[in-house]
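Engineer: Got entry35.cif for you, mmCIF, C-alpha atoms:
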data_protein
#
loop_
_atom_site.label_atom_id
_atom_site.label_comp_id
_atom_site.auth_asym_id
_atom_site.auth_seq_id
_atom_site.Cartn_x
_atom_site.Cartn_y
_atom_site.Cartn_z
CA MET A 1 -47.36 75.89 -0.66
CA ASN A 2 -47.69 72.27 0.53
CA GLU A 3 -46.18 71.04 -2.74
CA LEU A 4 -43.20 73.38 -2.29
CA LEU A 5 -42.68 72.21 1.30
CA ASN A 6 -42.82 68.58 0.22
CA HIS A 7 -40.27 69.30 -2.49
CA LEU A 8 -37.93 70.99 -0.02
CA HIS A 9 -38.36 68.09 2.39
CA MET A 10 -37.35 65.63 -0.31
CA LEU A 11 -34.31 67.74 -1.26
CA LYS A 12 -33.22 67.80 2.40
CA SER A 13 -33.35 63.98 2.41
CA LEU A 14 -31.15 63.94 -0.71
CA GLU A 15 -28.65 66.29 0.91
CA ASP A 16 -28.18 63.77 3.72
CA PHE A 17 -26.37 61.46 1.29
CA ASP A 18 -23.03 62.10 -0.43
CA PRO A 19 -23.14 60.65 -3.97
CA ASN A 20 -19.38 60.99 -4.41
CA GLN A 21 -18.29 59.05 -1.35
CA GLU A 22 -15.96 56.06 -1.58
CA ILE A 23 -17.27 52.92 0.01
CA GLU A 24 -14.57 52.76 2.72
CA TYR A 25 -15.83 56.07 4.12
CA SER A 26 -19.45 55.85 3.10
CA TRP A 27 -22.70 56.03 5.00
CA THR A 28 -25.96 54.58 3.77
CA PRO A 29 -28.83 56.89 2.84
CA PRO A 30 -30.84 58.14 5.83
CA SER A 31 -33.93 56.28 6.96
CA SER A 32 -36.10 59.10 5.52
CA TRP A 33 -35.43 57.64 2.05
CA TYR A 34 -37.31 54.55 3.18
CA ILE A 35 -40.17 55.91 5.26
CA ASP A 36 -41.21 59.36 3.96
CA GLU A 37 -44.28 59.77 1.77
CA ASP A 38 -42.70 62.78 0.01
CA PHE A 39 -39.71 60.72 -1.03
CA HIS A 40 -41.98 57.93 -2.26
CA GLN A 41 -43.97 60.33 -4.44
CA ALA A 42 -40.78 61.82 -5.88
CA GLU A 43 -39.61 58.32 -6.85
CA LEU A 44 -42.84 57.58 -8.68
CA GLU A 45 -42.82 60.83 -10.64
CA ARG A 46 -39.11 61.22 -11.34
CA LEU A 47 -37.89 57.67 -11.55
CA PHE A 48 -40.52 55.02 -12.24
CA HIS A 49 -42.55 57.12 -14.66
CA GLN A 50 -39.34 58.06 -16.51
CA HIS A 51 -37.66 54.68 -16.95
CA TRP A 52 -38.01 51.41 -18.85
CA LEU A 53 -39.88 48.88 -16.71
CA TYR A 54 -40.17 45.13 -17.14
CA LEU A 55 -43.69 43.79 -17.71
CA GLY A 56 -43.57 40.08 -18.50
CA PRO A 57 -43.06 37.49 -21.25
CA ALA A 58 -43.81 38.48 -24.84
CA ALA A 59 -44.60 34.80 -25.54
CA GLU A 60 -48.02 35.28 -23.93
CA LEU A 61 -49.06 37.20 -27.04
CA LYS A 62 -48.52 34.70 -29.83
CA GLU A 63 -51.59 35.22 -32.02
CA PRO A 64 -53.37 38.27 -33.49
CA GLY A 65 -56.07 39.24 -31.02
CA ASP A 66 -54.11 38.21 -27.93
CA TYR A 67 -54.01 40.71 -25.08
CA VAL A 68 -52.68 40.75 -21.52
CA THR A 69 -53.10 43.34 -18.76
CA TYR A 70 -50.75 44.58 -16.08
CA GLU A 71 -50.67 47.21 -13.38
CA LEU A 72 -47.43 48.71 -12.16
CA VAL A 73 -46.53 51.88 -10.26
CA GLY A 74 -50.17 52.98 -10.34
CA GLN A 75 -50.50 52.66 -14.12
CA PRO A 76 -52.88 50.10 -15.69
CA VAL A 77 -51.53 48.77 -18.99
CA VAL A 78 -52.88 46.50 -21.71
CA VAL A 79 -50.58 44.93 -24.31
CA THR A 80 -52.12 43.65 -27.54
CA ARG A 81 -51.10 41.87 -30.71
CA ASP A 82 -53.24 43.53 -33.38
CA SER A 83 -54.67 42.03 -36.57
CA GLU A 84 -51.42 42.79 -38.42
CA GLY A 85 -49.38 40.95 -35.79
CA THR A 86 -47.90 44.12 -34.26
CA LEU A 87 -47.36 44.30 -30.51
CA ARG A 88 -48.71 47.47 -28.93
CA ALA A 89 -49.13 48.83 -25.40
CA PHE A 90 -51.78 51.25 -24.13
CA TYR A 91 -52.98 52.71 -20.89
CA ASN A 92 -55.78 50.35 -19.92
CA VAL A 93 -58.16 53.29 -19.46
CA CYS A 94 -61.33 54.02 -21.38
CA ARG A 95 -61.36 57.53 -22.85
CA HIS A 96 -65.00 57.99 -21.77
CA HIS A 97 -65.01 57.72 -17.96
CA ALA A 98 -61.68 56.02 -17.14
CA ALA A 99 -62.74 52.42 -16.43
CA CYS A 100 -60.31 49.66 -17.43
CA VAL A 101 -61.27 48.29 -20.85
CA ALA A 102 -59.72 44.86 -20.31
CA SER A 103 -58.83 42.50 -17.48
CA GLY A 104 -56.65 39.42 -17.25
CA LYS A 105 -55.62 38.05 -20.61
CA GLY A 106 -57.35 36.52 -23.61
CA ASN A 107 -58.04 36.88 -27.30
CA ALA A 108 -60.57 39.29 -28.80
CA GLU A 109 -61.26 41.38 -31.90
CA VAL A 110 -62.06 44.43 -29.78
CA LEU A 111 -61.60 45.52 -26.18
CA THR A 112 -64.97 46.59 -24.82
CA CYS A 113 -65.24 48.75 -21.72
CA PRO A 114 -67.59 47.04 -19.23
CA TYR A 115 -68.89 50.39 -17.98
CA HIS A 116 -70.62 51.96 -21.01
CA GLY A 117 -69.65 49.68 -23.87
CA TRP A 118 -67.08 51.82 -25.66
CA ALA A 119 -65.06 49.42 -27.83
CA TYR A 120 -61.49 49.69 -29.09
CA ARG A 121 -59.66 47.81 -31.82
CA LEU A 122 -56.41 46.13 -30.83
CA ASP A 123 -54.48 48.92 -32.56
CA GLY A 124 -56.04 51.22 -29.95
CA SER A 125 -58.47 53.06 -32.25
CA LEU A 126 -62.04 53.68 -31.13
CA ARG A 127 -64.47 51.41 -32.95
CA ARG A 128 -67.76 52.07 -31.17
CA ALA A 129 -69.20 54.56 -28.69
CA PRO A 130 -72.85 53.46 -28.26
CA ARG A 131 -75.66 55.93 -27.59
CA LEU A 132 -73.25 58.83 -27.64
CA GLY A 133 -75.49 61.01 -29.78
CA LYS A 134 -74.27 64.12 -31.50
CA LEU A 135 -71.31 65.83 -29.87
CA GLU A 136 -69.56 69.03 -30.83
CA ASN A 137 -65.77 68.99 -31.14
CA PHE A 138 -65.58 65.19 -31.00
CA ASN A 139 -63.11 63.55 -33.36
CA VAL A 140 -63.21 59.74 -33.29
CA ALA A 141 -59.57 59.58 -34.38
CA GLU A 142 -58.54 61.48 -31.25
CA PHE A 143 -60.34 59.19 -28.81
CA GLY A 144 -58.40 55.96 -29.15
CA LEU A 145 -56.58 54.40 -26.22
CA ASN A 146 -53.53 56.40 -25.20
CA PRO A 147 -50.36 54.54 -26.24
CA VAL A 148 -47.45 53.55 -24.01
CA HIS A 149 -43.91 53.06 -25.34
CA LEU A 150 -43.24 49.33 -25.70
CA GLU A 151 -40.12 47.29 -26.51
CA VAL A 152 -39.24 43.62 -26.62
CA TRP A 153 -35.78 42.65 -25.39
CA GLY A 154 -34.77 39.08 -24.62
CA GLY A 155 -38.28 37.89 -25.44
CA LEU A 156 -39.54 40.16 -22.64
CA LEU A 157 -41.95 43.11 -22.63
CA TRP A 158 -40.77 46.53 -21.41
CA VAL A 159 -42.75 49.77 -21.14
CA HIS A 160 -41.84 53.41 -20.59
CA PHE A 161 -44.42 55.91 -19.32
CA GLY A 162 -42.37 58.97 -20.30
CA GLN A 163 -40.39 59.86 -23.41
CA PRO A 164 -37.48 57.40 -23.65
CA LYS A 165 -34.21 58.81 -24.88
CA LYS A 166 -32.64 55.36 -25.22
CA THR A 167 -33.75 51.84 -26.06
CA VAL A 168 -33.70 49.12 -23.42
CA ALA A 169 -30.40 47.81 -24.80
CA GLU A 170 -28.89 51.31 -24.81
CA THR A 171 -30.02 51.87 -21.22
CA TYR A 172 -27.89 48.91 -20.05
CA PRO A 173 -24.73 49.01 -22.20
CA GLY A 174 -22.67 45.85 -21.87
CA LEU A 175 -25.48 43.77 -20.37
CA THR A 176 -25.17 41.25 -23.20
CA ASN A 177 -21.71 40.37 -21.86
CA TYR A 178 -23.54 38.68 -18.99
CA LEU A 179 -27.02 37.86 -20.33
CA ASP A 180 -27.62 36.73 -23.90
CA PRO A 181 -31.02 38.01 -25.09
CA GLU A 182 -31.32 35.11 -27.56
CA ASP A 183 -30.72 32.66 -24.72
CA LEU A 184 -33.38 34.37 -22.61
CA ALA A 185 -35.86 34.38 -25.48
CA GLY A 186 -35.42 30.62 -25.85
CA LEU A 187 -36.61 29.90 -22.30
CA ARG A 188 -40.18 28.89 -21.48
CA PHE A 189 -42.30 30.99 -19.13
CA VAL A 190 -43.80 28.71 -16.46
CA GLN A 191 -45.28 30.71 -13.62
CA ARG A 192 -45.72 34.10 -11.92
CA ARG A 193 -45.81 34.37 -8.13
CA GLU A 194 -46.43 37.51 -6.09
CA TYR A 195 -45.26 38.38 -2.58
CA PRO A 196 -46.66 41.48 -0.81
CA LEU A 197 -44.08 42.88 1.63
CA ALA A 198 -44.51 45.37 4.47
CA CYS A 199 -41.34 47.24 3.54
CA ASN A 200 -40.08 49.95 1.23
CA TRP A 201 -39.12 48.67 -2.23
CA LYS A 202 -35.51 49.76 -1.70
CA VAL A 203 -35.16 47.46 1.32
CA PHE A 204 -35.74 44.50 -1.00
CA VAL A 205 -33.24 45.88 -3.53
CA ASP A 206 -30.62 46.48 -0.82
CA ASN A 207 -31.08 42.93 0.42
CA TYR A 208 -30.54 41.62 -3.11
CA LEU A 209 -27.40 43.71 -3.62
CA ASP A 210 -25.46 42.97 -0.44
CA GLY A 211 -22.97 40.76 -2.24
CA GLY A 212 -24.21 37.53 -0.68
CA TYR A 213 -23.51 38.93 2.81
CA HIS A 214 -26.79 37.64 4.21
CA VAL A 215 -26.91 34.30 2.41
CA GLU A 216 -24.99 32.15 4.91
CA TYR A 217 -27.07 33.52 7.81
CA LEU A 218 -30.52 33.76 6.24
CA HIS A 219 -30.51 31.05 3.55
CA PRO A 220 -28.61 28.02 4.91
CA ASN A 221 -29.93 25.63 2.27
CA LEU A 222 -28.92 27.97 -0.56
CA ALA A 223 -25.56 28.75 1.06
CA ALA A 224 -24.69 25.07 1.21
CA GLY A 225 -24.52 24.96 -2.59
CA LEU A 226 -22.61 28.20 -3.23
CA ASP A 227 -18.92 29.05 -3.00
CA LEU A 228 -19.50 32.28 -1.07
CA GLU A 229 -15.78 32.95 -0.54
CA ASN A 230 -15.52 33.66 -4.27
CA TYR A 231 -18.68 35.76 -4.59
CA GLU A 232 -18.00 38.64 -7.00
CA THR A 233 -19.74 41.97 -7.67
CA VAL A 234 -19.17 43.91 -10.90
CA ILE A 235 -20.43 47.49 -11.25
CA GLU A 236 -21.61 48.63 -14.68
CA GLU A 237 -23.60 51.57 -16.07
CA ASN A 238 -27.20 51.36 -14.79
CA PHE A 239 -26.76 47.77 -13.66
CA SER A 240 -24.59 45.53 -11.53
CA ILE A 241 -23.67 41.86 -11.65
CA GLN A 242 -23.17 39.42 -8.80
CA ARG A 243 -21.57 36.09 -9.70
CA CYS A 244 -20.97 33.00 -7.65
CA ARG A 245 -19.93 29.48 -8.58
CA THR A 246 -21.37 26.48 -6.86
CA ALA A 247 -19.29 24.53 -4.36
CA GLU A 248 -19.88 21.51 -6.59
CA GLU A 249 -22.13 20.85 -9.57
CA ASP A 250 -25.70 21.36 -8.35
CA GLN A 251 -28.83 20.06 -10.10
CA ARG A 252 -30.73 23.35 -9.71
CA LEU A 253 -27.89 25.89 -9.68
CA GLY A 254 -25.70 24.21 -12.29
CA ALA A 255 -22.09 25.44 -12.27
CA GLY A 256 -23.00 28.79 -10.76
CA ALA A 257 -25.30 31.79 -10.77
CA VAL A 258 -25.37 35.22 -12.35
CA TYR A 259 -27.48 37.75 -10.49
CA ALA A 260 -28.06 40.84 -12.64
CA TYR A 261 -29.65 43.91 -11.08
CA LEU A 262 -31.09 46.33 -13.66
CA TYR A 263 -31.82 49.76 -12.22
CA PRO A 264 -34.27 50.57 -10.85
CA ASN A 265 -36.36 47.55 -9.91
CA VAL A 266 -35.72 44.31 -11.80
CA MET A 267 -33.36 41.43 -11.10
CA PHE A 268 -32.39 38.58 -13.44
CA ASN A 269 -31.25 35.38 -11.73
CA ARG A 270 -29.72 33.03 -14.31
CA TYR A 271 -28.50 29.66 -13.14
CA GLY A 272 -28.52 26.15 -14.55
CA GLU A 273 -31.62 25.65 -16.69
CA ILE A 274 -33.50 28.46 -14.95
CA LEU A 275 -34.12 32.18 -15.17
CA ASP A 276 -36.16 33.80 -12.48
CA ILE A 277 -36.94 37.49 -12.76
CA ASN A 278 -37.70 39.51 -9.65
CA LEU A 279 -39.70 42.69 -10.12
CA VAL A 280 -40.24 44.93 -7.09
CA LEU A 281 -43.04 47.50 -7.29
CA PRO A 282 -43.50 50.29 -4.72
CA ASP A 283 -46.93 50.45 -3.09
CA GLY A 284 -46.33 53.22 -0.58
CA PRO A 285 -43.35 54.23 1.56
CA ASP A 286 -43.59 51.06 3.66
CA ARG A 287 -45.14 48.53 1.26
CA CYS A 288 -44.15 46.86 -1.97
CA LEU A 289 -45.10 43.95 -4.20
CA VAL A 290 -42.41 41.55 -5.34
CA VAL A 291 -43.25 39.62 -8.51
CA PHE A 292 -41.36 36.46 -9.46
CA ASP A 293 -41.51 35.24 -13.06
CA TYR A 294 -40.03 31.79 -13.59
CA TYR A 295 -38.58 30.67 -16.91
CA PHE A 296 -37.11 27.23 -17.60
CA SER A 297 -35.31 25.49 -20.42
CA PRO A 298 -37.75 23.55 -22.62
CA ARG A 299 -35.75 20.45 -21.59
CA CYS A 300 -36.83 20.67 -17.95
CA GLU A 301 -39.26 18.06 -16.68
CA ALA A 302 -42.23 18.70 -14.38
CA GLY A 303 -40.63 17.17 -11.30
CA PHE A 304 -37.51 19.32 -11.62
CA ILE A 305 -39.61 22.46 -12.09
CA GLU A 306 -41.77 21.70 -9.05
CA LYS A 307 -38.72 21.17 -6.82
CA ALA A 308 -37.02 24.33 -8.11
CA LEU A 309 -40.14 26.41 -7.45
CA SER A 310 -40.40 24.99 -3.93
CA ASP A 311 -36.76 25.78 -3.15
CA SER A 312 -37.15 29.31 -4.51
CA HIS A 313 -40.31 29.87 -2.47
CA GLN A 314 -38.47 28.98 0.73
CA VAL A 315 -35.75 31.54 -0.05
CA GLN A 316 -38.37 34.21 -0.72
CA LEU A 317 -40.15 33.55 2.58
CA GLU A 318 -36.82 34.02 4.38
CA ASP A 319 -36.23 37.30 2.52
CA VAL A 320 -39.75 38.54 3.28
CA GLY A 321 -39.19 38.10 7.01
CA ILE A 322 -35.86 39.93 7.13
CA CYS A 323 -36.98 42.78 4.84
CA GLU A 324 -40.03 43.45 6.99
CA SER A 325 -37.78 43.39 10.07
CA VAL A 326 -35.50 45.99 8.47
CA GLN A 327 -38.46 48.26 7.71
CA ARG A 328 -39.50 48.20 11.37
CA GLY A 329 -35.97 49.14 12.30
CA LEU A 330 -35.86 52.01 9.81
CA LYS A 331 -38.85 53.57 11.58
CA SER A 332 -37.12 53.33 14.96
CA LYS A 333 -35.59 56.29 16.78
CA GLY A 334 -32.60 54.03 17.30
CA TYR A 335 -31.46 54.19 13.66
CA ASP A 336 -30.82 56.80 10.99
CA LYS A 337 -27.83 55.70 8.88
CA GLY A 338 -25.60 52.65 8.58
CA ARG A 339 -22.30 51.70 6.94
CA TYR A 340 -21.37 49.57 3.94
CA ALA A 341 -19.07 46.55 4.08
CA PRO A 342 -16.43 47.68 1.55
CA ARG A 343 -15.47 44.30 0.10
CA ILE A 344 -18.97 43.04 -0.59
CA GLU A 345 -21.64 45.75 -0.58
CA GLN A 346 -20.53 47.77 -3.61
CA GLY A 347 -23.82 47.02 -5.36
CA GLU A 348 -25.86 48.66 -2.63
CA LEU A 349 -23.82 51.86 -2.75
CA HIS A 350 -24.03 51.91 -6.55
CA PHE A 351 -27.83 51.63 -6.29
CA ALA A 352 -28.02 54.54 -3.83
CA LYS A 353 -25.88 56.71 -6.12
CA LEU A 354 -28.07 55.91 -9.13
CA LEU A 355 -31.19 56.82 -7.18
CA TYR A 356 -29.65 60.07 -5.98
CA ARG A 357 -28.77 60.96 -9.57
CA SER A 358 -32.28 60.21 -10.84
CA LEU A 359 -33.99 62.36 -8.23
CA ALA A 360 -31.45 65.20 -8.20
CA GLU A 361 -31.34 65.55 -12.00
CA ASN A 362 -35.12 65.46 -12.44
CA HIS A 363 -36.19 67.82 -9.64
#
When written as structure tokens, how does the structure in this file appear?
Structural biologist:
Amino acid sequence: MNELLNHLHMLKSLEDFDPNQEIEYSWTPPSSWYIDEDFHQAELERLFHQHWLYLGPAAELKEPGDYVTYELVGQPVVVTRDSEGTLRAFYNVCRHHAACVASGKGNAEVLTCPYHGWAYRLDGSLRRAPRLGKLENFNVAEFGLNPVHLEVWGGLLWVHFGQPKKTVAETYPGLTNYLDPEDLAGLRFVQRREYPLACNWKVFVDNYLDGGYHVEYLHPNLAAGLDLENYETVIEENFSIQRCRTAEEDQRLGAGAVYAYLYPNVMFNRYGEILDINLVLPDGPDRCLVVFDYYFSPRCEAGFIEKALSDSHQVQLEDVGICESVQRGLKSKGYDKGRYAPRIEQGELHFAKLLYRSLAENH
């Protein structure tokens, strides 16, 4: 009965948003989308567990035996390069009593669970189950690590926890008109930084997609280098593009920036010699983790990289403060819905429509 009530509650929240509205007449989704536990659970089950998700750089797994672990949307994952050189992904969960079989990253012939010593080859098959004794109905071949769908696009790792109907490239048709996967694959991964935020994950996405609306007020140093009067938003299938040229040639930004939002939770910021990827992971209705992966051209020197990372960090701190402020406001009795600025916030409305579609079609 509780599950049914939660489902009905979520559907009522969906009904409070019109997915066919034009931006000139449109209202934002209600605050319940950003604060309700039921809505959060529906997103995990019907969106994040049914979509391609960015993990990290494939270049971290160069040699046979390399492995790296991740955790996203409540799912622990280990990616390996097996003895044949094949990249594979598995749930990082021992089939005995569910402990993680690996942590961090490294190189090994087998992944050995630290709990009871069950060991798995890098192709996921069970190699050893010590002191197990004789068991009925136990088939070693059926007790390997459970696989996760894995793809490499642009030199980057992507996983899907459901049954993908399309490849990563097919999910974002036309993306290569804005981002060249060969160009991305030629960049060098430098660093990952993480920012825990006391806000719903969608608040961070909305902030990213507001067409540069907030930049001149919140990021004065960044705004000084951008030609915000010519900021452009382009809406595509399952992604959107924001483009802005620099006011003059800038050492960090180059001639301009392309900000690509890939539904549901990853952003590619390509400018000058730099790509930074923003990944936002829900951690409850009012918490999220924002991951920044920084990639640079192999030509970049250490001093340039250090300055670019420092500038980026300042922008992120400014975004953290405003996103957490918005979350407090969403919980207030003084707010339920807002409006979109028609000329510049098309990306936000597009995001809300995509989310509505995901949850309505999969209920």
Engineer: Once the PyMOL selection byres ((chain A and resi 51-55) around 10) has been applied to the shown file, what residues remain in the selection, as a short mmCIF file (atom, residue, chain, number, x, y, z; two decimals) with C-alpha atoms, in the coordinates of the input?
Structural biologist:
data_model
loop_
_atom_site.label_atom_id
_atom_site.label_comp_id
_atom_site.auth_asym_id
_atom_site.auth_seq_id
_atom_site.Cartn_x
_atom_site.Cartn_y
_atom_site.Cartn_z
CA ARG A 46 -39.11 61.22 -11.34
CA LEU A 47 -37.89 57.67 -11.55
CA PHE A 48 -40.52 55.02 -12.24
CA HIS A 49 -42.55 57.12 -14.66
CA GLN A 50 -39.34 58.06 -16.51
CA GLY A 56 -43.57 40.08 -18.50
CA PRO A 57 -43.06 37.49 -21.25
CA ALA A 58 -43.81 38.48 -24.84
CA THR A 69 -53.10 43.34 -18.76
CA TYR A 70 -50.75 44.58 -16.08
CA GLU A 71 -50.67 47.21 -13.38
CA LEU A 72 -47.43 48.71 -12.16
CA VAL A 73 -46.53 51.88 -10.26
CA VAL A 77 -51.53 48.77 -18.99
CA VAL A 79 -50.58 44.93 -24.31
CA HIS A 149 -43.91 53.06 -25.34
CA LEU A 150 -43.24 49.33 -25.70
CA GLU A 151 -40.12 47.29 -26.51
CA VAL A 152 -39.24 43.62 -26.62
CA TRP A 153 -35.78 42.65 -25.39
CA LEU A 156 -39.54 40.16 -22.64
CA LEU A 157 -41.95 43.11 -22.63
CA TRP A 158 -40.77 46.53 -21.41
CA VAL A 159 -42.75 49.77 -21.14
CA HIS A 160 -41.84 53.41 -20.59
CA PHE A 161 -44.42 55.91 -19.32
CA GLY A 162 -42.37 58.97 -20.30
CA GLN A 163 -40.39 59.86 -23.41
CA PRO A 164 -37.48 57.40 -23.65
CA LYS A 165 -34.21 58.81 -24.88
CA LYS A 166 -32.64 55.36 -25.22
CA THR A 167 -33.75 51.84 -26.06
CA VAL A 168 -33.70 49.12 -23.42
CA THR A 171 -30.02 51.87 -21.22
CA LEU A 262 -31.09 46.33 -13.66
CA TYR A 263 -31.82 49.76 -12.22
CA PRO A 264 -34.27 50.57 -10.85
CA ASN A 265 -36.36 47.55 -9.91
CA VAL A 266 -35.72 44.31 -11.80
CA MET A 267 -33.36 41.43 -11.10
CA ILE A 277 -36.94 37.49 -12.76
CA ASN A 278 -37.70 39.51 -9.65
CA LEU A 279 -39.70 42.69 -10.12
CA ASP A 293 -41.51 35.24 -13.06
CA SER A 358 -32.28 60.21 -10.84
#
Engineer: Using all atoms listed in the file, what does the table of segment 266-343 of chain A residues within 12 Å of segment 7-27 of chain A look like, with each row giving the shortest atom pair and its distance in Å to one decimal, sorted by chain and ascending number, as a tab-separated table?
Structural biologist:
residue	atom	partner	partner_atom	distance
A:Asp336	CA	A:Trp27	CA	10.1
A:Lys337	CA	A:Trp27	CA	6.4
A:Gly338	CA	A:Trp27	CA	5.7
A:Arg339	CA	A:Trp27	CA	4.8
A:Tyr340	CA	A:Ile23	CA	6.6
A:Ala341	CA	A:Ile23	CA	7.8
A:Pro342	CA	A:Ile23	CA	5.5
A:Arg343	CA	A:Ile23	CA	8.8
Engineer: Just to confirm, what's the straight-line distance from atom CA of Asn230 of chain A to atom CA of Val280 of chain A in Å (one decimal)?
Structural biologist: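 Atom CA of Val280 of chain A lies at a distance of 27.3 Å from atom CA of Asn230 of chain A.
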Engineer: Mind telling me what the PyMOL selection byres ((chain A and resi 110) around 7) catches here, as a CSV table (one decimal) with C-alpha atoms, in the frame of the given file?
Structural biologist:
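Saved the output as part_32.csv:
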chain,number,residue,atom,x,y,z
A,108,ALA,CA,-60.6,39.3,-28.8
A,109,GLU,CA,-61.3,41.4,-31.9
A,111,LEU,CA,-61.6,45.5,-26.2
A,112,THR,CA,-65.0,46.6,-24.8
A,119,ALA,CA,-65.1,49.4,-27.8
A,120,TYR,CA,-61.5,49.7,-29.1
A,121,ARG,CA,-59.7,47.8,-31.8
A,122,LEU,CA,-56.4,46.1,-30.8
Engineer: From the options A:Glu229, A:Asp82, A:Glu37, A:Asp311, which residue's atoms come nearest to Pro282 of chain A, counting all atoms listed in the file?
Structural biologist: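 Residue with the minimum atom-to-atom distance to Pro282 of chain A: A:Glu37.
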Engineer: Name the residues that the PyMOL selection byres ((chain A and resi 346) around 9) picks from the file above, as an mmCIF file with C-alpha atoms, keeping the file's coordinate frame, using the file's chain letters and numbers.
Structural biologist:
data_model
loop_
_atom_site.group_PDB
_atom_site.id
_atom_site.type_symbol
_atom_site.label_atom_id
_atom_site.label_comp_id
_atom_site.auth_asym_id
_atom_site.auth_seq_id
_atom_site.Cartn_x
_atom_site.Cartn_y
_atom_site.Cartn_z
ATOM 1 C CA ILE A 23 -17.270 52.920 0.010
ATOM 2 C CA LEU A 209 -27.400 43.710 -3.620
ATOM 3 C CA ASP A 210 -25.460 42.970 -0.440
ATOM 4 C CA GLY A 211 -22.970 40.760 -2.240
ATOM 5 C CA THR A 233 -19.740 41.970 -7.670
ATOM 6 C CA VAL A 234 -19.170 43.910 -10.900
ATOM 7 C CA ILE A 235 -20.430 47.490 -11.250
ATOM 8 C CA TYR A 340 -21.370 49.570 3.940
ATOM 9 C CA ALA A 341 -19.070 46.550 4.080
ATOM 10 C CA PRO A 342 -16.430 47.680 1.550
ATOM 11 C CA ARG A 343 -15.470 44.300 0.100
ATOM 12 C CA ILE A 344 -18.970 43.040 -0.590
ATOM 13 C CA GLU A 345 -21.640 45.750 -0.580
ATOM 14 C CA GLY A 347 -23.820 47.020 -5.360
ATOM 15 C CA GLU A 348 -25.860 48.660 -2.630
ATOM 16 C CA LEU A 349 -23.820 51.860 -2.750
ATOM 17 C CA HIS A 350 -24.030 51.910 -6.550
ATOM 18 C CA PHE A 351 -27.830 51.630 -6.290
#
Engineer: I'd like the interatomic distance between atom CA of Cys199 of chain A and atom CA of Cys323 of chain A, to a tenth of an Å.
Structural biologist: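 It comes out at 6.4 Å.
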Engineer: Taking only C-alpha atoms into account, name the residue in A:Tyr195, A:Tyr172, A:Tyr208, A:Phe90 that is nearest to Tyr67 of chain A.
Structural biologist: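 Answer, going by the shortest atom-to-atom distance: A:Phe90.
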Engineer: Quick one: everything within 10 Å of Leu132 of chain A, counting all atoms listed in the file, minus sequence neighbours fewer than 3 positions away in the same chain. Send it as a PyMOL selection string.
Structural biologist: chain A and resi 116+118+128-129+135
Engineer: With only C-alpha atoms as the counted atoms, please give the residues lying no more than 6 Å from segment 181-192 of chain A, apart from itself and same-chain residues fewer than 6 positions off, as a ChimeraX atom specification.
Structural biologist: /A:154-155,292-298
Engineer: Please measure the separation of atom CA of Glu236 of chain A and atom CA of Val290 of chain A, giving the value in Å to one decimal.
Structural biologist: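 Those two atoms sit 23.9 Å apart.
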Engineer: Will you model N, CA, C and O atoms for segment 122-130 of chain A and pass it back as an mmCIF file, in the coordinates of the input?
Structural biologist:
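Listing of out_32.cif after writing:
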data_model
loop_
_atom_site.group_PDB
_atom_site.id
_atom_site.type_symbol
_atom_site.label_atom_id
_atom_site.label_comp_id
_atom_site.auth_asym_id
_atom_site.auth_seq_id
_atom_site.Cartn_x
_atom_site.Cartn_y
_atom_site.Cartn_z
ATOM 1 N N LEU A 122 -57.665 46.472 -31.497
ATOM 2 C CA LEU A 122 -56.410 46.130 -30.830
ATOM 3 C C LEU A 122 -55.249 47.013 -31.272
ATOM 4 O O LEU A 122 -54.155 46.921 -30.718
ATOM 5 N N ASP A 123 -55.472 47.892 -32.262
ATOM 6 C CA ASP A 123 -54.480 48.920 -32.560
ATOM 7 C C ASP A 123 -54.752 50.193 -31.760
ATOM 8 O O ASP A 123 -54.096 51.217 -31.964
ATOM 9 N N GLY A 124 -55.734 50.116 -30.845
ATOM 10 C CA GLY A 124 -56.040 51.220 -29.950
ATOM 11 C C GLY A 124 -57.113 52.172 -30.443
ATOM 12 O O GLY A 124 -57.608 53.002 -29.672
ATOM 13 N N SER A 125 -57.495 52.107 -31.708
ATOM 14 C CA SER A 125 -58.470 53.060 -32.250
ATOM 15 C C SER A 125 -59.877 52.760 -31.729
ATOM 16 O O SER A 125 -60.236 51.613 -31.456
ATOM 17 N N LEU A 126 -60.659 53.810 -31.598
ATOM 18 C CA LEU A 126 -62.040 53.680 -31.130
ATOM 19 C C LEU A 126 -62.900 53.120 -32.247
ATOM 20 O O LEU A 126 -62.954 53.677 -33.342
ATOM 21 N N ARG A 127 -63.596 52.025 -31.956
ATOM 22 C CA ARG A 127 -64.470 51.410 -32.950
ATOM 23 C C ARG A 127 -65.926 51.763 -32.727
ATOM 24 O O ARG A 127 -66.688 51.962 -33.680
ATOM 25 N N ARG A 128 -66.343 51.854 -31.458
ATOM 26 C CA ARG A 128 -67.760 52.070 -31.170
ATOM 27 C C ARG A 128 -67.928 52.840 -29.870
ATOM 28 O O ARG A 128 -67.256 52.560 -28.888
ATOM 29 N N ALA A 129 -68.829 53.830 -29.900
ATOM 30 C CA ALA A 129 -69.200 54.560 -28.690
ATOM 31 C C ALA A 129 -70.730 54.613 -28.651
ATOM 32 O O ALA A 129 -71.348 55.572 -29.131
ATOM 33 N N PRO A 130 -71.390 53.589 -28.142
ATOM 34 C CA PRO A 130 -72.850 53.460 -28.260
ATOM 35 C C PRO A 130 -73.600 54.575 -27.539
ATOM 36 O O PRO A 130 -73.171 55.074 -26.496
#
